[in-house]
Amino acid sequence: MRLLVVEDERKVASFIKKGLEEEGYAVDVAADGKSGLQMAQDRVHDLIILDIQLPKMDGLSVLNALRREKVAIPVLLLTVRATIEDKVLGLDAGADDYLTKPFAFQELVARVRALLRRRADAKQPVLQVADLVLDPARRVVFRDSQKLELTTREFALLDYLMRNPGRVLTRTMIAEHVWDYDFDSATNVIDVYVNYLRKKIDADREQKLIHTVRGVGYMLKAE
Ligand code: CA
């Protein structure tokens with residue numbers, strides 16, 4: 001899951017980024033409305049946390065522009081003004097939820113989870129490759145009907161692999177989808193995580209599903 005935070009107050013932005021990363025999300029930050037809109041237009045994020053008061057382009061204008069362009073990514077608005085009019089304005093513009101500053105981080109996480117779950121319930125069918133089953137809405141994984149315990153990052157990695165069965169995914173592609181934009185793909189973090197996944201999914205199984213494509217990356221497929 002990859003989130004975009006559009007917030008010009010650096011302290012608030014880094015507090016949100018750090019906290020959400022600890023929850024296992026990949027987080028990109030834009031410091032003004034214009035660059036936030038540009039990053040959102042790439043449609044690579046699962047959720048946008050959008051401050052209303054921003055330089056260059058305010059949050060409501062960003063939201064209006066996104067909805068006009070049929071970008072349907074859920075948006076959580078941050079506002080310091082908690083008047084009914086502001087909330088109505090935000091929801092009318094196509095926000096999915098809003099949070100009034102200052103807020104407790106746990107409340108932000110709860111809202112983020114709820115929005116992502118709602119989106120998952122609405123859109124994401126259960127994924128299956130051979131006897132491996134991943135249910136994005138319930139966030140559970142089974143192999144041969146046996147439930148597997150995955151960490152948040154392992155789950156995100158497997159989710160990406162299972163959405164692209166039979167396709168070679170390079171380390172760069174994996175980094176961009178499961179980690180951050182500025183991820184250093186020269187590190188071996190991806191290999192380490194693929195090995196964690198392998199241990200849980202393929203160890204002691206006759207049929208291996210995760211395949212190494214030498215010098216390129218990885219692929220999930222049933223032989
Ligand atoms: Ca602001």
# chains A, B, ... in the order shown; residues from 1 in each chain; ligands from 1

call {"tool": "residues_near_ligand", "arguments": {"ligand": "ligand 1", "cutoff": "12 Å", "atoms": "only C-alpha atoms and all ligand atoms", "output": "NGL selection string"}}
result
:A and (5-13 or 30-33 or 49-59 or 77-81 or 100-102)

call {"tool": "write_last_selection", "arguments": {"atoms": "N, CA and C atoms", "output": "JSON list (two decimals), in the first residue's frame"}}
result
[["chain", "number", "residue", "atom", "x", "y", "z"],
["A", 5, "VAL", "N", 1.14, 11.92, 0.98],
["A", 5, "VAL", "CA", 0.81, 12.95, 1.96],
["A", 5, "VAL", "C", 1.13, 14.31, 1.35],
["A", 6, "VAL", "N", 0.11, 15.17, 1.23],
["A", 6, "VAL", "CA", 0.33, 16.51, 0.69],
["A", 6, "VAL", "C", 0.17, 17.49, 1.85],
["A", 7, "GLU", "N", 1.28, 17.98, 2.32],
["A", 7, "GLU", "CA", 1.31, 18.80, 3.54],
["A", 7, "GLU", "C", 2.55, 19.67, 3.52],
["A", 8, "ASP", "N", 2.36, 20.99, 3.69],
["A", 8, "ASP", "CA", 3.50, 21.90, 3.60],
["A", 8, "ASP", "C", 4.23, 22.09, 4.93],
["A", 9, "GLU", "N", 3.56, 21.79, 6.04],
["A", 9, "GLU", "CA", 4.25, 21.93, 7.32],
["A", 9, "GLU", "C", 5.17, 20.73, 7.48],
["A", 10, "ARG", "N", 6.47, 21.00, 7.41],
["A", 10, "ARG", "CA", 7.43, 19.89, 7.35],
["A", 10, "ARG", "C", 7.35, 18.97, 8.56],
["A", 11, "LYS", "N", 7.15, 19.59, 9.72],
["A", 11, "LYS", "CA", 7.10, 18.79, 10.95],
["A", 11, "LYS", "C", 5.93, 17.81, 10.92],
["A", 12, "VAL", "N", 4.77, 18.34, 10.52],
["A", 12, "VAL", "CA", 3.58, 17.49, 10.46],
["A", 12, "VAL", "C", 3.76, 16.40, 9.42],
["A", 13, "ALA", "N", 4.29, 16.78, 8.24],
["A", 13, "ALA", "CA", 4.49, 15.82, 7.15],
["A", 13, "ALA", "C", 5.42, 14.69, 7.57],
["A", 30, "ALA", "N", 4.42, 15.38, -0.68],
["A", 30, "ALA", "CA", 4.50, 16.57, -1.54],
["A", 30, "ALA", "C", 4.29, 17.78, -0.63],
["A", 31, "ALA", "N", 5.08, 18.83, -0.84],
["A", 31, "ALA", "CA", 5.05, 19.97, 0.08],
["A", 31, "ALA", "C", 4.19, 21.13, -0.40],
["A", 32, "ASP", "N", 3.59, 21.01, -1.58],
["A", 32, "ASP", "CA", 2.65, 22.04, -2.02],
["A", 32, "ASP", "C", 1.58, 21.40, -2.90],
["A", 33, "GLY", "N", 0.51, 22.16, -3.15],
["A", 33, "GLY", "CA", -0.63, 21.61, -3.87],
["A", 33, "GLY", "C", -0.31, 21.19, -5.30],
["A", 49, "ILE", "N", -3.56, 11.72, 1.62],
["A", 49, "ILE", "CA", -3.85, 12.54, 2.79],
["A", 49, "ILE", "C", -3.54, 13.97, 2.39],
["A", 50, "LEU", "N", -4.57, 14.79, 2.34],
["A", 50, "LEU", "CA", -4.46, 16.09, 1.68],
["A", 50, "LEU", "C", -4.81, 17.22, 2.65],
["A", 51, "ASP", "N", -3.83, 18.07, 2.92],
["A", 51, "ASP", "CA", -4.08, 19.23, 3.76],
["A", 51, "ASP", "C", -4.84, 20.27, 2.93],
["A", 52, "ILE", "N", -5.73, 21.04, 3.56],
["A", 52, "ILE", "CA", -6.49, 22.04, 2.81],
["A", 52, "ILE", "C", -5.67, 23.29, 2.55],
["A", 53, "GLN", "N", -4.98, 23.77, 3.59],
["A", 53, "GLN", "CA", -4.19, 25.00, 3.41],
["A", 53, "GLN", "C", -2.79, 24.67, 2.90],
["A", 54, "LEU", "N", -2.59, 24.91, 1.62],
["A", 54, "LEU", "CA", -1.31, 24.59, 0.98],
["A", 54, "LEU", "C", -0.86, 25.74, 0.11],
["A", 55, "PRO", "N", 0.46, 25.91, -0.05],
["A", 55, "PRO", "CA", 0.95, 26.92, -0.99],
["A", 55, "PRO", "C", 0.76, 26.46, -2.44],
["A", 56, "LYS", "N", 0.76, 27.39, -3.35],
["A", 56, "LYS", "CA", 0.66, 27.18, -4.81],
["A", 56, "LYS", "C", -0.73, 26.75, -5.27],
["A", 57, "MET", "N", -1.37, 25.84, -4.56],
["A", 57, "MET", "CA", -2.70, 25.40, -4.94],
["A", 57, "MET", "C", -3.31, 24.80, -3.68],
["A", 58, "ASP", "N", -4.50, 25.28, -3.28],
["A", 58, "ASP", "CA", -5.04, 24.78, -2.02],
["A", 58, "ASP", "C", -5.62, 23.38, -2.18],
["A", 59, "GLY", "N", -5.83, 22.72, -1.06],
["A", 59, "GLY", "CA", -6.24, 21.31, -1.07],
["A", 59, "GLY", "C", -7.56, 21.06, -1.79],
["A", 77, "LEU", "N", -9.03, 14.43, 3.97],
["A", 77, "LEU", "CA", -8.68, 15.85, 4.07],
["A", 77, "LEU", "C", -8.24, 16.19, 5.49],
["A", 78, "LEU", "N", -7.21, 17.03, 5.58],
["A", 78, "LEU", "CA", -6.81, 17.56, 6.88],
["A", 78, "LEU", "C", -7.20, 19.02, 6.93],
["A", 79, "THR", "N", -7.85, 19.42, 8.00],
["A", 79, "THR", "CA", -8.26, 20.80, 8.10],
["A", 79, "THR", "C", -8.06, 21.33, 9.52],
["A", 80, "VAL", "N", -7.74, 22.61, 9.62],
["A", 80, "VAL", "CA", -7.67, 23.20, 10.96],
["A", 80, "VAL", "C", -9.02, 23.82, 11.30],
["A", 81, "ARG", "N", -9.81, 24.08, 10.26],
["A", 81, "ARG", "CA", -11.12, 24.68, 10.49],
["A", 81, "ARG", "C", -12.14, 23.56, 10.52],
["A", 100, "THR", "N", -9.66, 16.77, 11.68],
["A", 100, "THR", "CA", -9.37, 18.13, 12.12],
["A", 100, "THR", "C", -8.04, 18.16, 12.89],
["A", 101, "LYS", "N", -7.19, 19.11, 12.53],
["A", 101, "LYS", "CA", -5.93, 19.29, 13.25],
["A", 101, "LYS", "C", -6.18, 20.05, 14.54],
["A", 102, "PRO", "N", -5.47, 19.79, 15.61],
["A", 102, "PRO", "CA", -4.50, 18.70, 15.74],
["A", 102, "PRO", "C", -5.21, 17.37, 15.98]]

call {"tool": "select_by_dssp", "arguments": {"residues": "region 6-216 of chain A", "states": "strand (DSSP E or B)", "output": "number ranges by chain"}}
result
A: 6, 26-30, 47-51, 75-79, 97-100, 127-129, 132-135, 140-143, 146-148, 169-170, 210-213

call {"tool": "closest_residue", "arguments": {"among": "A:Leu4, A:Leu76, A:Ala26, A:Met162", "to": "Ala110 (chain A)", "atoms": "only C-alpha atoms"}}
result
A:Leu76

call {"tool": "residues_around", "arguments": {"residues": "Thr170 (chain A)", "least_positions_apart": "2", "cutoff": "8 Å", "atoms": "only C-alpha atoms", "output": "list in words"}}
result
Val168, Thr172, Met173, Ile174, Val216, Gly217 and Tyr218 of chain A

call {"tool": "residues_around", "arguments": {"residues": "Val27 (chain A)", "least_positions_apart": "3", "cutoff": "10 Å", "atoms": "only C-alpha atoms", "output": "list in words"}}
result
Met1, Arg2, Leu3, Leu4, Val5, Ser14, Ile16, Lys17, Lys18, Gly19, Leu20, Glu21, Gly24, His45, Leu47, Ile48, Val178, Trp179, Asp180 and Tyr181 of chain A

call {"tool": "residues_around", "arguments": {"residues": "Tyr196 (chain A)", "least_positions_apart": "2", "cutoff": "12 Å", "atoms": "only C-alpha atoms", "output": "list in words"}}
result
Glu149, Leu150, Thr151, Arg153, Glu154, Phe155, Leu157, Leu158, Val189, Ile190, Asp191, Val192, Tyr193, Val194, Arg198, Lys199, Lys200, Ile201, Asp202, Ala203 and Ile210 of chain A

call {"tool": "closest_residue", "arguments": {"among": "A:Ala222, A:Leu115, A:Val29, A:Ala72", "to": "Gln128 (chain A)", "atoms": "only C-alpha atoms"}}
result
A:Ala222

call {"tool": "closest_residue", "arguments": {"among": "A:Thr83, A:Gln41, A:Ser35, A:Asn164", "to": "Leu66 (chain A)", "atoms": "only C-alpha atoms"}}
result
A:Gln41

call {"tool": "closest_residue", "arguments": {"among": "A:Ala65, A:Val75, A:Leu161, A:Ala114", "to": "Leu132 (chain A)", "atoms": "only C-alpha atoms"}}
result
A:Leu161

call {"tool": "atom_distance", "arguments": {"atom1": "CA of Arg171 (chain A)", "atom2": "CA of Pro74 (chain A)"}}
result
27.6 Å

call {"tool": "closest_residue", "arguments": {"among": "A:Val112, A:Leu89, A:Ala130, A:Leu99", "to": "Gly166 (chain A)", "atoms": "only C-alpha atoms"}}
result
A:Ala130
